[in-house]
There are 2 protein chains.
Amino acid sequence: MTDAPFKSLDQFRALLRDLPGPDTEAQAAALARNGQLTKPPGALGQLETLAIWVSGWHGTATPRIVSPQVAVFAGNHGVCAQGVSAFPPEVTAQMVANFEAGGAAINQLCNAVGAELSVHAIELDRPTADFTKDPAMSEDEVVHALTIGWQALDQAADLFVAGEMGIGNTTSAAALAHALFGASAADWTGRGTGVDAQGLARKVYAVARGVDLHMAASLDGLDLLRRLGGRELAAIAGSIAAARQAGIPVILDGFICSAAAACLENVQPGLLDHCVAGHVSAEAGHARLLEALGKPPLLALDLRLGEGSGAATAIALVKAAVECHSGMATFAEAGVAEG
Amino acid sequence: MTDAPFKSLDQFRALLRDLPGPDTEAQAAALARNGQLTKPPGALGQLETLAIWVSGWHGTATPRIVSPQVAVFAGNHGVCAQGVSAFPPEVTAQMVANFEAGGAAINQLCNAVGAELSVHAIELDRPTADFTKDPAMSEDEVVHALTIGWQALDQAADLFVAGEMGIGNTTSAAALAHALFGASAADWTGRGTGVDAQGLARKVYAVARGVDLHMAASLDGLDLLRRLGGRELAAIAGSIAAARQAGIPVILDGFICSAAAACLENVQPGLLDHCVAGHVSAEAGHARLLEALGKPPLLALDLRLGEGSGAATAIALVKAAVECHSGMATFAEAGVAEG
């Protein structure tokens with residue numbers, strides 16, 4: 001476990017402004033290699049782009065993905081008191097137990113792609129405050145959650161996914177997206193795990209009230225994360241920042257993960273250059289959020305589960321991309337005419 | 001190797017009309033199981049649909065994918081004389097050697113998903129006839145190629161992909177799509193491996209002339225396959241029919257594979273029920289062709305390589321789907337509230 005190099009939100013904010021970029025020489029070498037591989041130019045489409053992107057973060061023209069990591073963070077939300085979810089808050093802890101027992105979707109998806117899975121339940125017995133009335137977290141609480149995320153990253157991972165579990169957390173994500181990108185509360189608010197029409201109306205109302213209460217021009221993404229977010233969202237943000245520090249590429253999961261990531265991008269534009277969007281989920285606001293972040297999704301399979309499930313599924317695509325890039329013969333090696 | 005149960009095009013045609021359907025009891029059991037898994041209803045989106053589809057063909061409510069097979073068929077095309085490709089015909093044999101040496105994209109993709117790869121070069125020194133002048137194949141030739149495809153299927157496979165290599169074969173596929181589904185020659189004709197604007201014009205002209213010469217209302221998909229297709233397209237058709245006979249689900253690859261499959265569907269609507277579209281390629285006519293077949297693609301990564309590459313990449317998605325479906329705990333098993 002790495003010691004987190006911050007003890008306050010201001011120190012974390014300063015850190016975000018000074019994180020390293022990709023190895024542009026490795027990227028250029030990968031681009032040159034790509035042009036020599038035994039295929040028509042561009043014929044592997046987005047797999048080519050992905051491989052060159054990984055090359056920059058791994059610092060080599062021939063990267064491999066052999067140790068992907070999925071870290072799932074769980075938290076509980078005071079805003080559940082507003083009747084915003086189809087499931088009771090107890091399900092958060094029940095699902096954490098399911099992750100630990102190997103019975104959830106994310107367990108099977110990690111097995112399928114050979115990813116290490118770690119599960120981080122963050123004070124499930126202490127939900128965040130109801131953000132329609134108070135800031136969700138104190139400074140100490142959000143820094144604690146950021147630190148858990150930072151430390152959850154396996155420094156030996158070569159690809160990272162942050163997943164989440166937290167009844168009520170699409171409400172929190174919708175509030176963050178609304179505060180960061182405007183539009184209306186309804187534009188960002190969807191059915192989550194499957195709330196009914198009345199629940200959806202309550203959810204939109206909670207999002208609108210929360211943003212009305214907390215929004216101010218002087219606040220940045222980290223302030224909003226503290227006021228409207230959740231412990232698992234803060235942990236996701238911490239882990240994504242840690243991955244950037246370590247040069248580990250990241251696949252973003254769905255709406256909640258993307259909202260947490262957007263808080264970082266708000267503080268330091270370009271901070272998410274080490275991230276691709278694994279998928280666009282069926283949750284109403286996700287496509288809009290990815291567009292706001294400039295992150296086209298790799299997959300569009302109508303998932304809306306969370307847990308990191310969409311991003312974990314997309315690990316297979318990044319693996320396929322680097323396997324082609326690093327394993328294929330060049331025209332010269334294979335004696336194939338270049339056309 | 002299975003003896004092929006046909007010796008003529010008429011026998012193959014009759015066979016297509018009598019292939020088995022899915023196990024609807026296993027499908028119903030899988031659907032029931034899906035409703036009990038620890039996730040909100042529908043939250044795994046298309047992965048749920050895929051798992052239930054596999055269940056029907058495997059005849060069990062808890063299928064697994066442990067032995068996927070990719071068979072790549074190669075052939076040469078007389079229509080290359082019309083200047084329709086960016087690469088010379090010699091590249092077909094050079095790429096077959098590359099497949100056999102393990103240097104091509106499809107080799108890496110098969111390694112990445114744990115698929116068995118077989119390569120079937122079909123009389124590369126005897127291109128088909130130029131279909132702008134004569135039928136591409138005689139009856140004996142097309143039956144021979146169908147037989148190679150039929151026999152290439154590994155009966156122990158639990159998921160099958162047919163790939164192809166053949167300089168000139170997007171021209172053949174465009175002619176088949178045009179003959180089967182109408183519209184104009186230009187609607188189906190794209191840049192293939194990267195032909196320039198003049199080459200594209202020659203290609204559209206070749207497609208239009210070929211269809212003008214061979215099209216007649218009395219002809220079905222198999223007649224057209226003989227007249228406008230190629231040896232590797234016929235082999236793909238044979239292998240897809242064999243997979244249906246064996247109850248093995250299939251992931252369709254790109255434009256060429258889909259055109260070959262469309263010939264079967266033309267003879268017997270519903271014949272492709274055991275197939276899903278692995279991806280939509282960047283080749284101009286593929287999206288239109290998938291729409292005509294009613295097969296929405298799993299992936300859209302702008303691939304246009306062939307070799308089975310898009311479908312092989314999609315194997316990971318089908319694996320992910322069945323792993324979730326067959327491996328997840330039910331609400332009762334995990335002690336999770338159903339909401």
# chains A, B, ... in the order shown; residues from 1 in each chain; ligands from 1
call {"tool": "interface_residues", "arguments": {"of": "chain B", "to": "chain A", "cutoff": "6 Å", "atoms": "only C-alpha atoms", "output": "list in words"}}
result
Pro40, Ala43, Leu44, Gly45, Gln46, Ala86, Phe87, Gln94, Asn98, Gly103, Ala104, Ala105, Gln108, Leu109, Thr193, Leu301, Asp302, Leu303, Arg304, Leu305, Ala320, Glu323, Cys324, Met328, Ala329, Ala334, Val336 and Gly339 of chain B
call {"tool": "write_last_selection", "arguments": {"atoms": "C-alpha atoms", "output": "PDB file, in the first residue's frame"}}
result
ATOM      1  CA  PRO B  40     -31.604  -5.536 -10.999  1.00  0.00           C
ATOM      2  CA  ALA B  43     -29.138  -4.655 -15.716  1.00  0.00           C
ATOM      3  CA  LEU B  44     -26.760  -6.770 -17.790  1.00  0.00           C
ATOM      4  CA  GLY B  45     -28.474  -5.630 -20.981  1.00  0.00           C
ATOM      5  CA  GLN B  46     -27.337  -7.453 -24.104  1.00  0.00           C
ATOM      6  CA  ALA B  86      -5.360  -2.173 -53.465  1.00  0.00           C
ATOM      7  CA  PHE B  87      -3.335  -5.358 -52.977  1.00  0.00           C
ATOM      8  CA  GLN B  94       1.322 -14.548 -48.179  1.00  0.00           C
ATOM      9  CA  ASN B  98       1.390 -15.379 -41.960  1.00  0.00           C
ATOM     10  CA  GLY B 103       1.971 -13.409 -37.181  1.00  0.00           C
ATOM     11  CA  ALA B 104      -1.443 -12.060 -38.159  1.00  0.00           C
ATOM     12  CA  ALA B 105      -4.041 -10.181 -36.136  1.00  0.00           C
ATOM     13  CA  GLN B 108      -3.208 -12.713 -31.530  1.00  0.00           C
ATOM     14  CA  LEU B 109      -6.977 -12.362 -31.141  1.00  0.00           C
ATOM     15  CA  THR B 193      -8.395  -3.047 -48.039  1.00  0.00           C
ATOM     16  CA  LEU B 301     -14.855  -0.527 -33.492  1.00  0.00           C
ATOM     17  CA  ASP B 302     -14.300   0.536 -37.122  1.00  0.00           C
ATOM     18  CA  LEU B 303     -12.493  -2.690 -37.953  1.00  0.00           C
ATOM     19  CA  ARG B 304     -12.196  -3.582 -41.635  1.00  0.00           C
ATOM     20  CA  LEU B 305      -9.594  -6.312 -41.625  1.00  0.00           C
ATOM     21  CA  ALA B 320     -18.516 -12.668 -20.417  1.00  0.00           C
ATOM     22  CA  GLU B 323     -19.842 -16.518 -17.289  1.00  0.00           C
ATOM     23  CA  CYS B 324     -22.166 -14.018 -15.603  1.00  0.00           C
ATOM     24  CA  MET B 328     -23.566 -15.623 -10.585  1.00  0.00           C
ATOM     25  CA  ALA B 329     -25.381 -16.309  -7.339  1.00  0.00           C
ATOM     26  CA  ALA B 334     -26.559 -14.733  -1.706  1.00  0.00           C
ATOM     27  CA  VAL B 336     -29.654 -10.280  -1.118  1.00  0.00           C
ATOM     28  CA  GLY B 339     -35.905  -4.696  -3.975  1.00  0.00           C
TER      29      GLY B 339
END
call {"tool": "select_by_dssp", "arguments": {"residues": "segment 90-328 of chain A", "states": "strand (DSSP E or B)", "output": "PyMOL selection string"}}
result
chain A and resi 116-121+159-165+250-252+275-279+297-299
call {"tool": "residues_around", "arguments": {"residues": "Met215 of chain A", "least_positions_apart": "6", "cutoff": "12 Å", "atoms": "only C-alpha atoms", "output": "tab-separated table (two decimals) with C-alpha atoms, in the first residue's frame"}}
result
chain	number	residue	atom	x	y	z
A	131	PHE	CA	-27.26	16.23	0.40
A	132	THR	CA	-30.69	17.78	0.02
A	135	PRO	CA	-23.02	18.57	2.57
A	175	ALA	CA	-26.29	15.84	-8.87
A	176	LEU	CA	-22.57	16.05	-9.64
A	177	ALA	CA	-23.17	15.97	-13.39
A	178	HIS	CA	-25.87	18.64	-13.09
A	179	ALA	CA	-23.60	20.85	-10.98
A	180	LEU	CA	-20.59	20.38	-13.27
A	181	PHE	CA	-22.26	20.56	-16.68
A	182	GLY	CA	-25.53	22.43	-16.23
A	207	VAL	CA	-31.03	16.31	-7.47
A	208	ALA	CA	-32.44	19.76	-8.18
A	209	ARG	CA	-32.67	20.65	-4.49
A	221	GLY	CA	-15.12	19.57	-8.80
A	223	ASP	CA	-15.79	20.80	-3.46
A	224	LEU	CA	-18.79	19.41	-5.28
A	225	LEU	CA	-17.56	15.86	-4.77
A	226	ARG	CA	-17.52	16.55	-1.02
A	227	ARG	CA	-20.96	18.19	-0.99
A	228	LEU	CA	-22.89	16.02	-3.47
call {"tool": "select_by_dssp", "arguments": {"residues": "segment 40-243 of chain B", "states": "alpha helix (DSSP H)", "output": "VMD selection string"}}
result
chain B and resid 45 to 58 90 to 101 105 to 113 139 to 152 169 to 181 185 to 188 197 to 214 221 to 228 231 to 243
call {"tool": "residues_around", "arguments": {"residues": "Ala129 of chain B", "least_positions_apart": "4", "cutoff": "9 Å", "atoms": "only C-alpha atoms", "output": "PDB file with C-alpha atoms, in the first residue's frame"}}
result
ATOM      1  CA  HIS B  77     -10.837 -14.188 -57.107  1.00  0.00           C
ATOM      2  CA  GLY B  78     -10.816 -13.851 -60.890  1.00  0.00           C
ATOM      3  CA  VAL B  79     -12.540 -10.492 -60.571  1.00  0.00           C
ATOM      4  CA  LYS B 133     -17.690 -12.560 -67.592  1.00  0.00           C
ATOM      5  CA  ASP B 134     -18.583 -16.037 -66.293  1.00  0.00           C
ATOM      6  CA  PRO B 135     -20.022 -17.718 -63.219  1.00  0.00           C
ATOM      7  CA  ALA B 136     -17.356 -17.606 -60.502  1.00  0.00           C
ATOM      8  CA  MET B 137     -17.603 -21.344 -59.864  1.00  0.00           C
TER       9      MET B 137
END
call {"tool": "closest_residue", "arguments": {"among": "B:Ala287, B:Leu219, B:Leu19, B:Leu50", "to": "Gly247 of chain B", "atoms": "only C-alpha atoms"}}
result
B:Leu19
call {"tool": "decode", "arguments": {"residues": "segment 224-237 of chain A", "atoms": "N, CA, C and O atoms", "output": "mmCIF file, in the first residue's frame"}}
result
data_model
loop_
_atom_site.group_PDB
_atom_site.id
_atom_site.type_symbol
_atom_site.label_atom_id
_atom_site.label_comp_id
_atom_site.auth_asym_id
_atom_site.auth_seq_id
_atom_site.Cartn_x
_atom_site.Cartn_y
_atom_site.Cartn_z
ATOM 1 N N LEU A 224 -17.495 20.024 -4.953
ATOM 2 C CA LEU A 224 -18.792 19.415 -5.285
ATOM 3 C C LEU A 224 -18.806 17.934 -4.925
ATOM 4 O O LEU A 224 -19.814 17.402 -4.448
ATOM 5 N N LEU A 225 -17.679 17.266 -5.153
ATOM 6 C CA LEU A 225 -17.560 15.858 -4.772
ATOM 7 C C LEU A 225 -17.825 15.701 -3.271
ATOM 8 O O LEU A 225 -18.524 14.771 -2.841
ATOM 9 N N ARG A 226 -17.296 16.608 -2.467
ATOM 10 C CA ARG A 226 -17.517 16.552 -1.022
ATOM 11 C C ARG A 226 -18.996 16.800 -0.694
ATOM 12 O O ARG A 226 -19.589 16.108 0.120
ATOM 13 N N ARG A 227 -19.610 17.778 -1.361
ATOM 14 C CA ARG A 227 -20.962 18.190 -0.989
ATOM 15 C C ARG A 227 -22.051 17.278 -1.561
ATOM 16 O O ARG A 227 -23.089 17.065 -0.924
ATOM 17 N N LEU A 228 -21.832 16.769 -2.785
ATOM 18 C CA LEU A 228 -22.893 16.016 -3.469
ATOM 19 C C LEU A 228 -22.533 14.547 -3.697
ATOM 20 O O LEU A 228 -23.387 13.747 -4.089
ATOM 21 N N GLY A 229 -21.276 14.216 -3.517
ATOM 22 C CA GLY A 229 -20.809 12.872 -3.869
ATOM 23 C C GLY A 229 -21.088 11.858 -2.781
ATOM 24 O O GLY A 229 -21.999 12.010 -1.972
ATOM 25 N N GLY A 230 -20.273 10.809 -2.800
ATOM 26 C CA GLY A 230 -20.404 9.746 -1.812
ATOM 27 C C GLY A 230 -19.016 9.198 -1.563
ATOM 28 O O GLY A 230 -18.073 9.510 -2.301
ATOM 29 N N ARG A 231 -18.919 8.381 -0.530
ATOM 30 C CA ARG A 231 -17.593 7.858 -0.185
ATOM 31 C C ARG A 231 -17.013 7.043 -1.342
ATOM 32 O O ARG A 231 -15.816 7.122 -1.637
ATOM 33 N N GLU A 232 -17.864 6.221 -1.997
ATOM 34 C CA GLU A 232 -17.318 5.380 -3.076
ATOM 35 C C GLU A 232 -16.969 6.235 -4.296
ATOM 36 O O GLU A 232 -16.025 5.913 -5.029
ATOM 37 N N LEU A 233 -17.685 7.336 -4.519
ATOM 38 C CA LEU A 233 -17.323 8.219 -5.629
ATOM 39 C C LEU A 233 -15.982 8.907 -5.357
ATOM 40 O O LEU A 233 -15.138 9.029 -6.249
ATOM 41 N N ALA A 234 -15.777 9.331 -4.125
ATOM 42 C CA ALA A 234 -14.500 9.951 -3.771
ATOM 43 C C ALA A 234 -13.364 8.935 -3.897
ATOM 44 O O ALA A 234 -12.280 9.259 -4.400
ATOM 45 N N ALA A 235 -13.620 7.716 -3.477
ATOM 46 C CA ALA A 235 -12.590 6.685 -3.595
ATOM 47 C C ALA A 235 -12.249 6.423 -5.065
ATOM 48 O O ALA A 235 -11.074 6.257 -5.432
ATOM 49 N N ILE A 236 -13.262 6.406 -5.912
ATOM 50 C CA ILE A 236 -13.011 6.239 -7.357
ATOM 51 C C ILE A 236 -12.101 7.366 -7.853
ATOM 52 O O ILE A 236 -11.117 7.127 -8.565
ATOM 53 N N ALA A 237 -12.428 8.602 -7.459
ATOM 54 C CA ALA A 237 -11.610 9.742 -7.886
ATOM 55 C C ALA A 237 -10.173 9.583 -7.398
ATOM 56 O O ALA A 237 -9.212 9.804 -8.158
#
